[in-house]
Amino acid sequence: MNNLVRLFTTRDVLRVYAAYGAAILLFIIGALVHPGFASLPSVTTILLISSFIGMVAAGQCFVVLIGGIDLSVPWVLNAAAILLATASLGQNGRALYAILLTLGMGGLAGLANGIFVVWFEVPAVVMTLAMNGIVEGLTLGLSSGMTCGACASYAPPIVQQAVHGVFLGIPTALWLWLVIIIIVSFALSFTRFGRATYAIGNNPRAAFLAGVNVNLTTVALYVLSGVFSALAGILLVGFGGQASLGMGDPYLFQSIAAVVIGGVSILGGSGLYVGAAAGAISLTALVSVLLALNMPEYGRSIIYGLVILALLLLYGREERQ
Amino acid sequence: MPRDSGEGAGARWRSPASHAFGQHIGLILAAAILLVAIIIFSVMFVIQQHRLPGNFEITSTVNNTMPLALAAIGQTIVVLTRGIDLSVGGVIDLTNALAAILLRPNLGNQLAVSVIIILIGAAGGLINGLLVGLGRLQPIVVTLATLSIYQGLAIRVLPQPGGAVPPGYTGFLVNPNAPTALVFLLIAIVLWLGLRRTRLGVDIFAIGADEQAAIALGVRTVRTKIIAYTLAGALYAIAGLFLAATATAGDATTGDSYTLTSIVAIVLGGVSFFGGRGSAIGAIAGAFIITMIVNILFFAKINPLYQAFYEGLFLVIAVVLGALIGRLVRARR
């Protein structure tokens with residue numbers, strides 16, 4: 001019994017409670033300033049928007065857990081959205097091919113990130129920054145700045161339904177997110193792969209000596225990050241119908257913020273994905289509250305930053321040496 | 001995975017020239033890349049224009065590079081302490097916007113406004129420094145958060161692009177008729193060489209090389225980090241002033257790109273991301289390399305849409321090449 005209590009009160013788990021507490025608090029504040037904020041349709045919409053951030057945050061969480069970072073999120077996501085629309089030409093028959101192609105593209109970008117970080121010892125910040133530029137240039141160049149014939153294509157109806165469809169009263173995108181939360185959490189907490197991830201984050205050398213294949217695991221994590229960015233791109237184009245330039249830009253800040261709010265250490269080695277998911281919900285709820293208050297863009301930007309700083313000061317501090 | 005630079009252990013006597021070569025390999029490589037870029041550009045220019053690049057080309061290259069060069073020097077100081085500063089873009093946005101609405105044609109106003117804006121930039125840096133140093137927070141998330149705050153403030157100051165920069169101010173900072181702005185870079189280099197020899201300069205390098213050892217040797221790490229971020233903030237503000245002078249107007253979002261390009265510039269300039277290695281001179285060289293790459297792509301008639309692709313590609317190639325050559329040089333000695 002005592003052990004069970006201890007299991008649910010570790011520092012990591014307490015931070016997850018804090019992140020969910022923040023989300024609930026924001027919903028209550030929202031309901032106070034704007035009646036109907038906590039109504040079911042409103043909450044569902046907020047959760048749906050959170051799910052896009054949550055998908056990207058899953059990939060970001062993986063690489064942050066080993067002390068890395070993925071700055072290539074914005075353009076991998078944007079390229080994915082454009083690739084899905086152009087490859088499918090809006091036809092259901094081509095949807096599966098387009099989805100696989102898009103996820104493969106994300107994985108490839110992640111693979112290149114991982115290979116250069118591991119074997120060429122390029123710092124993760126530099127490598128993923130360069131990859132963001134590479135994907136941006138390729139996307140803009142190949143689509144002639146989104147003026148190509150196929151660029152105006154809509155997402156296949158089946159993909160749009162996958163986001164907007166409702167199953168048991170809940171949008172299907174949220175079911176998908178729930179499945180991802182369960183799979184990612186299980187993979188991180190109960191598999192060899194997950195333990196290897198935390199071990200590398202805590203001490204790569206010790207992990208290596210303990211028999212962890214550090215290089216392969218690192219590459220796999222970057223591949224996953226690329227795939228999750230691409231998945232978010234697919235869902236976003238399904239949500240909005242069409243792809244546009246710059247649609248990935250907000251997701252870098254938001255994915256890192258979600259991970260940090262969720263209590264994942266930016267130095268790596270500790271944190272849970274359920275926390276990052278709560279971080280994504282808190283972030284979206286915060287934006288929604290500010291929008292309900294008619295807060296202009298500059299105010300939202302400032303409050304965004306202040307909230308992250310406050311949370312960092314609350315529990316993101318390094319141990320005193 | 002960070003690893004030891006391999007120095008110190010089993011050190012044997014080296015000739016001063018060999019030692020200097022090993023110490024400045026990053027800088028030498030940056031200079032070599034810049035030289036190659038300039039040669040390629042000149043050859044393309046001669047083929048297409050049937051003359052050598054003249055005063056106009058040199059002046060516009062220098063003037064266009066000034067904001068990036070200054071931002072990169074600031075980034076260098078922070079990265080030397082093993083930090084990183086993503087708020088560059090926000091500080092440049094804010095100072096650029098302030099310059100556009102505050103500057104007036106009289107000299108007294110221009111002097112006062114410039115000083116105030118540099119102090120505001122320094123204050124932005126000070127906040128970063130306090131959070132990183134006293135708050136013991138990770139630089140990457142702190143500056144990501146302050147980036148958002150400074151960007152918000154910039155849009156508050158100047159919601160739409162506009163304002164005006166007096167022609168006299170532009171003429172003084174970025175003279176369109178001659179590359180006189182090089183004088184400012186020369187001053188920056190002299191100040192850098194001076195800083196490098198002060199207690200503060202040595203402390204900055206010591207923290208980046210080995211923070212624990214620096215603490216053991218009595219380096220006041222918190223104070224040094226705060227000063228480093230503050231200095232960087234002041235430099236970003238100067239970059240914001242140069243950007244406003246070049247554009248002769250303000251825009252609260254044009255500074256955004258400098259977060260990324262300042263990092264690219266210092267990496268090309270041989271500044272180590274693991275701290276303790278690098279120089280402002282390398283950062284300036286890196287900034288010029290980026291401008292030259294853009295110029296070369298233009299003359300090679302490469303679709304400008306592909307620009308980010310080539311920048312990213314060259315960044316990776318430069319880093320991998322730099323690491324390989326660095327390892328080769330150290331292995332041979």
# chains A, B, ... in the order shown; residues from 1 in each chain; ligands from 1

$ residues_around --residues "B:Phe172" --least-positions-apart "2" --cutoff "12 Å" --atoms "only C-alpha atoms" --output "list in words"
Asn63, Leu107, Gln110, Leu111, Val165, Pro166, Pro167, Gly168, Tyr169, Thr170, Val174, Asn175, Pro176, Asn177, Ala178, Pro179, Thr180, Ala181, Leu182, Val183, Phe184, Leu241, Phe242, Ala245 and Thr246 of chain B

$ write_last_selection --atoms "N, CA and C atoms" --output "tab-separated table (two decimals), in the first residue's frame"
chain	number	residue	atom	x	y	z
B	63	ASN	N	26.48	46.82	-45.41
B	63	ASN	CA	25.31	47.39	-44.74
B	63	ASN	C	24.26	46.33	-44.43
B	107	LEU	N	20.04	66.01	-33.67
B	107	LEU	CA	21.14	65.18	-33.18
B	107	LEU	C	20.96	64.78	-31.72
B	110	GLN	N	18.58	61.99	-31.41
B	110	GLN	CA	19.12	60.73	-31.92
B	110	GLN	C	20.09	60.09	-30.93
B	111	LEU	N	20.89	60.93	-30.30
B	111	LEU	CA	21.86	60.43	-29.33
B	111	LEU	C	21.12	59.83	-28.12
B	165	VAL	N	12.89	56.67	-40.10
B	165	VAL	CA	14.21	56.90	-39.56
B	165	VAL	C	14.81	58.08	-40.33
B	166	PRO	N	15.26	59.14	-39.62
B	166	PRO	CA	15.81	60.31	-40.32
B	166	PRO	C	16.97	59.91	-41.22
B	167	PRO	N	17.07	60.50	-42.43
B	167	PRO	CA	18.13	60.16	-43.36
B	167	PRO	C	19.53	60.37	-42.76
B	168	GLY	N	19.67	61.38	-41.91
B	168	GLY	CA	20.97	61.65	-41.30
B	168	GLY	C	21.43	60.46	-40.46
B	169	TYR	N	20.49	59.88	-39.73
B	169	TYR	CA	20.79	58.74	-38.87
B	169	TYR	C	21.24	57.55	-39.73
B	170	THR	N	20.46	57.31	-40.81
B	170	THR	CA	20.82	56.23	-41.73
B	170	THR	C	22.21	56.46	-42.32
B	174	VAL	N	24.68	53.49	-41.60
B	174	VAL	CA	24.89	52.66	-42.80
B	174	VAL	C	24.95	53.56	-44.03
B	175	ASN	N	26.05	54.27	-44.15
B	175	ASN	CA	26.29	55.15	-45.30
B	175	ASN	C	26.07	54.40	-46.61
B	176	PRO	N	25.10	54.84	-47.43
B	176	PRO	CA	24.82	54.08	-48.66
B	176	PRO	C	25.88	54.28	-49.74
B	177	ASN	N	26.81	55.22	-49.56
B	177	ASN	CA	27.76	55.52	-50.62
B	177	ASN	C	29.13	54.89	-50.43
B	178	ALA	N	29.43	54.44	-49.22
B	178	ALA	CA	30.74	53.83	-48.97
B	178	ALA	C	30.62	52.88	-47.78
B	179	PRO	N	31.43	51.84	-47.75
B	179	PRO	CA	31.30	50.85	-46.66
B	179	PRO	C	31.88	51.37	-45.34
B	180	THR	N	31.45	52.58	-44.92
B	180	THR	CA	32.00	53.14	-43.68
B	180	THR	C	31.53	52.37	-42.45
B	181	ALA	N	30.46	51.56	-42.60
B	181	ALA	CA	29.98	50.80	-41.44
B	181	ALA	C	31.04	49.83	-40.94
B	182	LEU	N	32.01	49.52	-41.80
B	182	LEU	CA	33.10	48.63	-41.38
B	182	LEU	C	33.82	49.18	-40.15
B	183	VAL	N	33.82	50.52	-40.02
B	183	VAL	CA	34.45	51.14	-38.86
B	183	VAL	C	33.82	50.62	-37.57
B	184	PHE	N	32.48	50.48	-37.57
B	184	PHE	CA	31.80	50.00	-36.38
B	184	PHE	C	32.21	48.55	-36.05
B	241	LEU	N	18.95	48.90	-34.07
B	241	LEU	CA	19.15	50.26	-34.58
B	241	LEU	C	19.67	50.23	-36.02
B	242	PHE	N	20.63	49.36	-36.27
B	242	PHE	CA	21.18	49.24	-37.63
B	242	PHE	C	20.11	48.76	-38.61
B	245	ALA	N	17.91	51.58	-39.39
B	245	ALA	CA	18.62	52.53	-40.25
B	245	ALA	C	18.67	52.01	-41.69
B	246	THR	N	18.91	50.71	-41.87
B	246	THR	CA	18.98	50.14	-43.21
B	246	THR	C	17.62	50.21	-43.90

$ interface_residues --of "chain B" --to "chain A" --cutoff "7 Å" --atoms "only C-alpha atoms" --output "ChimeraX atom specification"
/B:1,135-137,142,145-146,148-149,152-153,155-156,305-313,315-316,319-320

$ atom_distance --atom1 "atom CA of B:Thr65" --atom2 "atom CA of B:Thr81"
24.8 Å

$ closest_residue --among "A:Leu216, A:Gly106, A:Gly263, A:Tyr198" --to "A:Gly59" --atoms "only C-alpha atoms"
A:Gly106

$ atom_distance --atom1 "atom CA of B:Ala252" --atom2 "atom CA of A:Ser282"
27.9 Å

$ closest_residue --among "A:Leu111, A:Ala196, A:Ala187, A:Met105" --to "A:Gly269" --atoms "only C-alpha atoms"
A:Ala196

$ atom_distance --atom1 "atom CA of B:Ala228" --atom2 "atom CA of B:Gly129"
7.4 Å

$ closest_residue --among "B:Asn64, B:Ser114, B:Ser42, B:Ser272" --to "B:Ile84" --atoms "only C-alpha atoms"
B:Ser272

$ closest_residue --among "B:Ala32, B:Ile47, B:Ala209, B:Val88" --to "B:Leu144" --atoms "only C-alpha atoms"
B:Val88

$ closest_residue --among "A:Ser51, A:Ser153, A:Ser72, A:Asn78" --to "A:Gly246" --atoms "only C-alpha atoms"
A:Asn78

$ residues_around --residues "A:Ile181" --least-positions-apart "3" --cutoff "12 Å" --atoms "only C-alpha atoms" --output "ChimeraX atom specification"
/A:51,54-59,61,174-178,184-189,272-278

$ write_last_selection --atoms "C-alpha atoms" --output "PDB file, in the first residue's frame"
ATOM      1  CA  SER A  51      -4.782  17.304 -29.723  1.00  0.00           C
ATOM      2  CA  GLY A  54      -0.391  17.129 -28.233  1.00  0.00           C
ATOM      3  CA  MET A  55       0.700  15.071 -31.266  1.00  0.00           C
ATOM      4  CA  VAL A  56       3.660  17.358 -31.933  1.00  0.00           C
ATOM      5  CA  ALA A  57       4.432  17.402 -28.213  1.00  0.00           C
ATOM      6  CA  ALA A  58       4.633  13.582 -28.246  1.00  0.00           C
ATOM      7  CA  GLY A  59       7.544  13.757 -30.675  1.00  0.00           C
ATOM      8  CA  CYS A  61       8.712  14.835 -25.564  1.00  0.00           C
ATOM      9  CA  LEU A 174      -9.651  12.901 -29.827  1.00  0.00           C
ATOM     10  CA  TRP A 175     -10.008   9.112 -29.833  1.00  0.00           C
ATOM     11  CA  LEU A 176      -6.837   8.960 -31.902  1.00  0.00           C
ATOM     12  CA  TRP A 177      -5.066  11.209 -29.405  1.00  0.00           C
ATOM     13  CA  LEU A 178      -6.259   9.037 -26.533  1.00  0.00           C
ATOM     14  CA  VAL A 184       3.311   6.500 -25.878  1.00  0.00           C
ATOM     15  CA  SER A 185       2.870   6.282 -22.103  1.00  0.00           C
ATOM     16  CA  PHE A 186       3.039   2.512 -22.203  1.00  0.00           C
ATOM     17  CA  ALA A 187       6.101   2.565 -24.454  1.00  0.00           C
ATOM     18  CA  LEU A 188       7.896   5.032 -22.172  1.00  0.00           C
ATOM     19  CA  SER A 189       6.998   3.462 -18.840  1.00  0.00           C
ATOM     20  CA  LEU A 272       5.824  11.784 -18.531  1.00  0.00           C
ATOM     21  CA  TYR A 273       3.906  12.187 -21.768  1.00  0.00           C
ATOM     22  CA  VAL A 274       0.554  12.414 -19.945  1.00  0.00           C
ATOM     23  CA  GLY A 275       2.033  15.577 -18.429  1.00  0.00           C
ATOM     24  CA  ALA A 276       2.890  17.009 -21.829  1.00  0.00           C
ATOM     25  CA  ALA A 277      -0.651  16.202 -22.967  1.00  0.00           C
ATOM     26  CA  ALA A 278      -1.972  18.167 -19.989  1.00  0.00           C
TER      27      ALA A 278
END

$ residues_around --residues "A:Leu96" --least-positions-apart "4" --cutoff "10 Å" --atoms "only C-alpha atoms" --output "list in words"
Leu84, Ser88, Gln91, Asn92, Leu100, Leu101, Thr102, Pro156, Ile158 and Val159 of chain A

$ write_last_selection --atoms "N, CA and C atoms" --output "CSV table (one decimal), in the first residue's frame"
chain,number,residue,atom,x,y,z
A,84,LEU,N,0.3,16.0,-48.1
A,84,LEU,CA,-0.9,15.2,-48.1
A,84,LEU,C,-1.9,15.7,-49.1
A,88,SER,N,-2.6,13.5,-52.6
A,88,SER,CA,-3.9,12.8,-52.6
A,88,SER,C,-4.8,13.4,-53.7
A,91,GLN,N,-8.5,13.0,-53.4
A,91,GLN,CA,-9.3,11.8,-53.7
A,91,GLN,C,-9.1,10.8,-52.6
A,92,ASN,N,-10.3,10.2,-52.2
A,92,ASN,CA,-10.2,9.2,-51.2
A,92,ASN,C,-9.3,8.0,-51.6
A,100,LEU,N,0.7,7.5,-46.1
A,100,LEU,CA,2.0,6.8,-45.9
A,100,LEU,C,3.2,7.6,-46.4
A,101,LEU,N,3.0,8.2,-47.6
A,101,LEU,CA,4.1,9.0,-48.1
A,101,LEU,C,4.4,10.2,-47.2
A,102,THR,N,3.4,10.8,-46.6
A,102,THR,CA,3.6,11.9,-45.7
A,102,THR,C,4.3,11.5,-44.4
A,156,PRO,N,-8.4,14.7,-48.7
A,156,PRO,CA,-9.4,13.8,-49.0
A,156,PRO,C,-10.5,13.8,-48.0
A,158,ILE,N,-12.1,11.6,-46.6
A,158,ILE,CA,-11.9,10.6,-45.6
A,158,ILE,C,-11.0,11.1,-44.5
A,159,VAL,N,-10.0,11.9,-44.8
A,159,VAL,CA,-9.1,12.5,-43.8
A,159,VAL,C,-9.9,13.5,-43.0

$ select_by_dssp --residues "stretch 65-310 of chain B" --states "helix (DSSP H, G or I)" --output "ChimeraX atom specification"
/B:65-80,88-102,107-133,139-157,167-173,182-197,199-209,211-216,221-247,254-268,280-299,304-310

$ closest_residue --among "A:Val264, A:Ala292, A:Leu14, A:Leu245" --to "B:Val141" --atoms "only C-alpha atoms"
A:Val264

$ residues_around --residues "stretch 195-197 of chain B" --least-positions-apart "5" --cutoff "12 Å" --atoms "only C-alpha atoms" --output "short mmCIF file (atom, residue, chain, number, x, y, z; two decimals) with N, CA and C atoms, in the first residue's frame"
data_model
loop_
_atom_site.label_atom_id
_atom_site.label_comp_id
_atom_site.auth_asym_id
_atom_site.auth_seq_id
_atom_site.Cartn_x
_atom_site.Cartn_y
_atom_site.Cartn_z
N ILE B 77 28.67 35.66 -27.22
CA ILE B 77 29.00 35.84 -25.80
C ILE B 77 28.17 34.88 -24.95
N LEU B 80 29.25 31.18 -25.53
CA LEU B 80 30.54 30.90 -24.89
C LEU B 80 30.35 30.43 -23.45
N ALA B 188 34.03 47.09 -32.80
CA ALA B 188 33.53 45.90 -32.09
C ALA B 188 34.66 44.89 -31.89
N ILE B 189 35.50 44.71 -32.93
CA ILE B 189 36.58 43.74 -32.82
C ILE B 189 37.59 44.19 -31.77
N VAL B 190 37.93 45.50 -31.78
CA VAL B 190 38.88 46.01 -30.79
C VAL B 190 38.33 45.83 -29.38
N VAL B 202 37.79 36.38 -19.41
CA VAL B 202 38.37 35.09 -19.02
C VAL B 202 37.32 34.24 -18.30
N ASP B 203 36.53 34.89 -17.43
CA ASP B 203 35.49 34.17 -16.69
C ASP B 203 34.46 33.55 -17.64
N ILE B 204 34.06 34.33 -18.68
CA ILE B 204 33.07 33.83 -19.63
C ILE B 204 33.57 32.55 -20.29
N PHE B 205 34.83 32.58 -20.73
CA PHE B 205 35.39 31.38 -21.36
C PHE B 205 35.51 30.24 -20.36
N ALA B 206 35.89 30.58 -19.11
CA ALA B 206 36.08 29.53 -18.09
C ALA B 206 34.76 28.81 -17.80
N ALA B 228 26.96 38.55 -19.11
CA ALA B 228 27.06 38.05 -20.49
C ALA B 228 25.73 38.26 -21.23
N LEU B 231 25.11 42.08 -21.82
CA LEU B 231 25.92 42.56 -22.94
C LEU B 231 25.29 42.14 -24.26
N GLY B 276 32.86 27.78 -24.38
CA GLY B 276 34.29 27.92 -24.14
C GLY B 276 35.18 28.09 -25.35
N ARG B 277 34.65 28.03 -26.55
CA ARG B 277 35.46 28.15 -27.75
C ARG B 277 34.76 29.03 -28.76
N GLY B 278 35.46 30.02 -29.26
CA GLY B 278 34.86 30.87 -30.29
C GLY B 278 35.25 32.32 -30.10
N SER B 279 34.90 33.14 -31.07
CA SER B 279 35.25 34.55 -30.97
C SER B 279 34.26 35.39 -31.76
N ALA B 280 34.22 36.67 -31.38
CA ALA B 280 33.35 37.62 -32.08
C ALA B 280 33.79 37.77 -33.52
N ILE B 281 35.11 37.63 -33.76
CA ILE B 281 35.61 37.77 -35.13
C ILE B 281 35.03 36.65 -35.99
#
